[in-house]
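Some notes on the structure that comes next.
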Protein chains: 2
Amino acid sequence: MRLLHTVPPPAENLRVVLVATRNPLNMGAAARAMSNFGFLHLRVVRPWEPAFREARSAVDAGQVLSAAEQYDSVAEAVADCSLVVGTTAVGPRELEHPVHSLPQAGGLIRTQLAGGRVALLFGSEKTGLSNVDLSHCHWLLRIPTRQEHRSMNLGQAVAVCLYELARDAGVTLVAGQPTDLAEAGQQERFTALLLEALAASGFTKPRTARATEEKVRRMVRRLALPADDVETWTGMLRKMLARMRAGEP
Amino acid sequence: MRLLHTVPPPAENLRVVLVATRNPLNMGAAARAMSNFGFLHLRVVRPWEPAFREARSAVDAGQVLSAAEQYDSVAEAVADCSLVVGTTAVGPRELEHPVHSLPQAGGLIRTQLAGGRVALLFGSEKTGLSNVDLSHCHWLLRIPTRQEHRSMNLGQAVAVCLYELARDAGVTLVAGQPTDLAEAGQQERFTALLLEALAASGFTKPRTARATEEKVRRMVRRLALPADDVETWTGMLRKMLARMRAGEP
């Protein structure tokens, strides 16, 4: 049975995360679109400092920019979010993540917003999100631009995504709670422990440790680790790691 | 893999009309969004001349700006269009025109585009469309921004409107399917190996082994293990188990 409620989109739960943004005008434009559509929580990761200062001091910077939180890494910026979505202009074939077109992605994000925080990541103007940034994402979102001119201006991309999220002013919820997923911080702690265990077991080769790390992080994100289970999984891993170390010469 | 079709929306029939635009960056941004979404016909009415020259000479101005047609009046710019829609940030009560919210307006415009040219008007950054400009419009379109901050940046407003027009138009790009999950047999092999590893690590207590087994099996099923990853997860676990056993007395 489907029970449909119509509630205002839980805009409170969205975190717009700008990663390594360089242009103050783009930061300002992103913040303005956020204010237009009622998503007020901005996080910036490693912004180009002069740009961030300039954007914050702009006349019309307003509430969103002055309340923006600054982080040194994507990991920290998404630590309290249970869904992390990256934006990309790249086609599906080049990527190892599932990619949803914005109209579909909007529905998935709205559903998740009803139950927990969602981070929506936008990369730098020139290079987009790096592979390391992407390894923190559960899946990617692509705005359906045409093949011949895929890459959007950052401020416009933010506006279009937030419009899509606000579009159906009422969110349609389907009965049967989606499982609460572990927060990104818990997932990352599990990942870190797993990497230690893989090193101790000899699975990780020193030469390819870096690639293994990204691969493992993506694999953990592809699991739907439930919030209720993550501590048990972590405890199991800790026990195995202790046993492996006990046996070391 | 699902088949991707790209049926172009009848984008050929849309005329984006910028009226009395003053900021070259906004003109450039509007043109870029048009190119992103495949609406290539720009008309400008009484632009501030230096701005128009600057926008046209910008490095990335591209096809849309260089092909833009210039007019002295809205009347001339919309003369060959069968539907003329104005954009406004103002609420309905102040206006004498019917106002449709963008999601509805998009459907009306798409229907009309199938049969004839449609002009979509955007006013100047400061004052929007004048009453005279509005008098050429059949109806108005409002982007559903929040009451407290209605007015959008021009380039972002163009991007959002064109996204809505392109949204359903068959520009559906779905990649990376909902993940294929591991088959039950693979999940069970992973579970069996995990139980061995938990026993070897000392996590499992003999007295409660039976209950642990059921609990672990349920936890593995809740993980939603992807088919593409299950062999790697199994390999990791096998390696850890071997290391734990190597250390046993």
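Scheme for the structure tokens: letters A, B, ... for chains in order shown; per-chain residue numbers from 1; ligand numbers from 1 in order shown.
Residues in contact with Ala58 (chain B) at 10 Å, where only C-alpha atoms are counted and same-chain residues fewer than 6 positions away are skipped, are listed as Pro24, Leu25, Gly28 and Leu65 of chain B.
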List the neighbours of region 74-89 of chain B out to 6 Å using only C-alpha atoms; skip same-chain residues closer than 2 positions along the sequence, and give me the result as a PDB file with N, CA and C atoms, in the first residue's frame.
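The new file around_0.pdb reads:
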ATOM      1  N   TYR B  71      17.039  43.682 -32.181  1.00  0.00           N
ATOM      2  CA  TYR B  71      15.799  44.381 -32.537  1.00  0.00           C
ATOM      3  C   TYR B  71      15.666  45.660 -31.719  1.00  0.00           C
ATOM      4  N   ARG B 117       6.457  28.901 -33.541  1.00  0.00           N
ATOM      5  CA  ARG B 117       7.515  29.562 -32.776  1.00  0.00           C
ATOM      6  C   ARG B 117       6.974  30.162 -31.475  1.00  0.00           C
ATOM      7  N   VAL B 118       7.775  30.065 -30.438  1.00  0.00           N
ATOM      8  CA  VAL B 118       7.438  30.631 -29.134  1.00  0.00           C
ATOM      9  C   VAL B 118       8.557  31.584 -28.712  1.00  0.00           C
ATOM     10  N   ALA B 119       8.169  32.772 -28.253  1.00  0.00           N
ATOM     11  CA  ALA B 119       9.154  33.712 -27.714  1.00  0.00           C
ATOM     12  C   ALA B 119       9.094  33.670 -26.189  1.00  0.00           C
ATOM     13  N   LEU B 120      10.255  33.583 -25.571  1.00  0.00           N
ATOM     14  CA  LEU B 120      10.343  33.598 -24.110  1.00  0.00           C
ATOM     15  C   LEU B 120      11.149  34.826 -23.719  1.00  0.00           C
ATOM     16  N   LEU B 121      10.467  35.778 -23.049  1.00  0.00           N
ATOM     17  CA  LEU B 121      11.071  37.086 -22.783  1.00  0.00           C
ATOM     18  C   LEU B 121      11.648  37.198 -21.372  1.00  0.00           C
ATOM     19  N   PHE B 122      12.845  37.745 -21.296  1.00  0.00           N
ATOM     20  CA  PHE B 122      13.483  38.044 -20.007  1.00  0.00           C
ATOM     21  C   PHE B 122      13.798  39.535 -19.972  1.00  0.00           C
ATOM     22  N   CYS B 137       2.763  40.018 -24.268  1.00  0.00           N
ATOM     23  CA  CYS B 137       2.798  38.621 -23.818  1.00  0.00           C
ATOM     24  C   CYS B 137       1.400  38.019 -23.721  1.00  0.00           C
ATOM     25  N   HIS B 138       1.275  36.762 -24.074  1.00  0.00           N
ATOM     26  CA  HIS B 138       0.017  36.049 -23.888  1.00  0.00           C
ATOM     27  C   HIS B 138      -0.191  35.701 -22.421  1.00  0.00           C
ATOM     28  N   TRP B 139       0.833  35.295 -21.795  1.00  0.00           N
ATOM     29  CA  TRP B 139       0.784  35.017 -20.356  1.00  0.00           C
ATOM     30  C   TRP B 139       2.183  35.079 -19.782  1.00  0.00           C
ATOM     31  N   LEU B 140       2.261  34.960 -18.465  1.00  0.00           N
ATOM     32  CA  LEU B 140       3.551  35.085 -17.798  1.00  0.00           C
ATOM     33  C   LEU B 140       3.941  33.784 -17.106  1.00  0.00           C
ATOM     34  N   LEU B 141       5.219  33.679 -16.921  1.00  0.00           N
ATOM     35  CA  LEU B 141       5.795  32.499 -16.283  1.00  0.00           C
ATOM     36  C   LEU B 141       6.555  32.962 -15.049  1.00  0.00           C
ATOM     37  N   ARG B 142       6.369  32.245 -13.957  1.00  0.00           N
ATOM     38  CA  ARG B 142       7.111  32.560 -12.751  1.00  0.00           C
ATOM     39  C   ARG B 142       7.873  31.331 -12.278  1.00  0.00           C
ATOM     40  N   ARG B 150      12.636  36.390  -4.126  1.00  0.00           N
ATOM     41  CA  ARG B 150      12.022  35.976  -5.382  1.00  0.00           C
ATOM     42  C   ARG B 150      12.926  36.140  -6.595  1.00  0.00           C
ATOM     43  N   SER B 151      13.661  37.240  -6.626  1.00  0.00           N
ATOM     44  CA  SER B 151      14.286  37.641  -7.875  1.00  0.00           C
ATOM     45  C   SER B 151      15.567  36.859  -8.161  1.00  0.00           C
TER      46      SER B 151
END
Q.
For the strand (DSSP E or B) assignment from backbone DSSP, which residues of region 49-213 of chain B qualify? Please present them as a count of residues only.
A. 23
Can you build me a table of chain B residues sitting at most 6 Å from chain A, with the closest atom pair per residue and its distance in Å to one decimal, using only C-alpha atoms, sorted by chain and residue number, as CSV?
residue,atom,partner,partner_atom,distance
B:Asn36,CA,A:Thr145,CA,5.1
B:Phe37,CA,A:Thr145,CA,5.1
B:Thr145,CA,A:Asn36,CA,5.1
B:Arg146,CA,A:Asn36,CA,5.8
B:His149,CA,A:Asn36,CA,5.2
B:Arg150,CA,A:Asn36,CA,6.0
B:Gln156,CA,A:Gln156,CA,4.9
B:Val160,CA,A:Val160,CA,5.1
B:Leu173,CA,A:Ser101,CA,5.8
B:Val174,CA,A:His100,CA,5.8
B:Ala175,CA,A:Val99,CA,5.4
B:Gly176,CA,A:Pro98,CA,4.2
B:Ser201,CA,A:Met240,CA,4.9
B:Leu223,CA,A:Ala224,CA,5.1
B:Ala224,CA,A:Ala224,CA,5.7
B:Leu225,CA,A:Leu223,CA,5.8
B:Lys239,CA,A:Ser201,CA,5.9
B:Met240,CA,A:Ser201,CA,4.9
B:Arg243,CA,A:Ser201,CA,5.5
B:Met244,CA,A:Met244,CA,4.8
B:Gly247,CA,A:Gly247,CA,3.7
**Q.** Point-to-point distance in Å for CA of Arg46 (chain A) and CA of Ala211 (chain A)
**A.**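 Going from CA of Ala211 (chain A) over to CA of Arg46 (chain A), I get 22.7 Å.
For the choices A:Arg210, A:Arg15, A:Arg189, A:Arg217, the atom-to-atom distance to Phe39 (chain A) is smallest for A:Arg15 when using only C-alpha atoms.
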Q.
What's the separation between CA of Gln186 (chain B) and CA of Arg218 (chain B), in Å to one decimal place?
A.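 Going from CA of Gln186 (chain B) over to CA of Arg218 (chain B) covers 14.3 Å.
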Q. Per DSSP on the backbone, what are the helix (DSSP H, G or I) residues of region 63-159 of chain B, as a VMD selection string?
A. chain B and resid 63 to 66 74 to 77 92 to 94 102 to 113 131 to 134 147 to 149 154 to 159
Output C-alpha atoms of each residue in that selection to a file, as a compact mmCIF listing (two decimals), in the first residue's frame.
# COMPACT_ATOMS: atom_id res chain seq x y z
CA GLN B 63 27.66 30.26 -31.84
CA VAL B 64 24.60 31.51 -29.95
CA LEU B 65 25.86 35.03 -29.32
CA SER B 66 27.40 35.51 -32.71
CA VAL B 74 9.70 43.75 -28.44
CA ALA B 75 6.99 44.01 -31.10
CA GLU B 76 9.50 43.34 -33.86
CA ALA B 77 11.35 40.66 -31.91
CA PRO B 92 0.09 37.11 -9.56
CA ARG B 93 -1.94 39.72 -7.72
CA GLU B 94 0.01 42.66 -9.01
CA LEU B 102 7.39 27.13 -14.46
CA PRO B 103 6.57 23.42 -14.19
CA GLN B 104 3.13 24.03 -15.69
CA ALA B 105 4.37 26.69 -18.08
CA GLY B 106 6.92 24.25 -19.44
CA GLY B 107 4.20 21.87 -20.57
CA LEU B 108 2.23 24.65 -22.26
CA ILE B 109 5.30 25.94 -24.06
CA ARG B 110 6.41 22.50 -25.20
CA THR B 111 2.98 21.83 -26.65
CA GLN B 112 3.08 25.08 -28.55
CA LEU B 113 6.66 24.52 -29.75
CA ASN B 131 4.36 47.21 -18.82
CA VAL B 132 4.73 47.85 -22.53
CA ASP B 133 6.88 44.75 -22.92
CA LEU B 134 4.35 42.75 -20.92
CA GLN B 147 8.64 34.71 -1.20
CA GLU B 148 11.56 36.02 0.83
CA HIS B 149 13.91 36.04 -2.13
CA LEU B 154 19.22 36.59 -15.18
CA GLY B 155 21.63 33.92 -16.40
CA GLN B 156 20.36 31.48 -13.79
CA ALA B 157 16.73 32.22 -14.63
CA VAL B 158 17.39 31.46 -18.30
CA ALA B 159 19.17 28.22 -17.35
Q) Between CA of Val45 (chain B) and CA of Asp72 (chain B), what is the spacing in Å? A)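 Taking CA of Asp72 (chain B) as the start and CA of Val45 (chain B) as the end point, the length is 5.5 Å.
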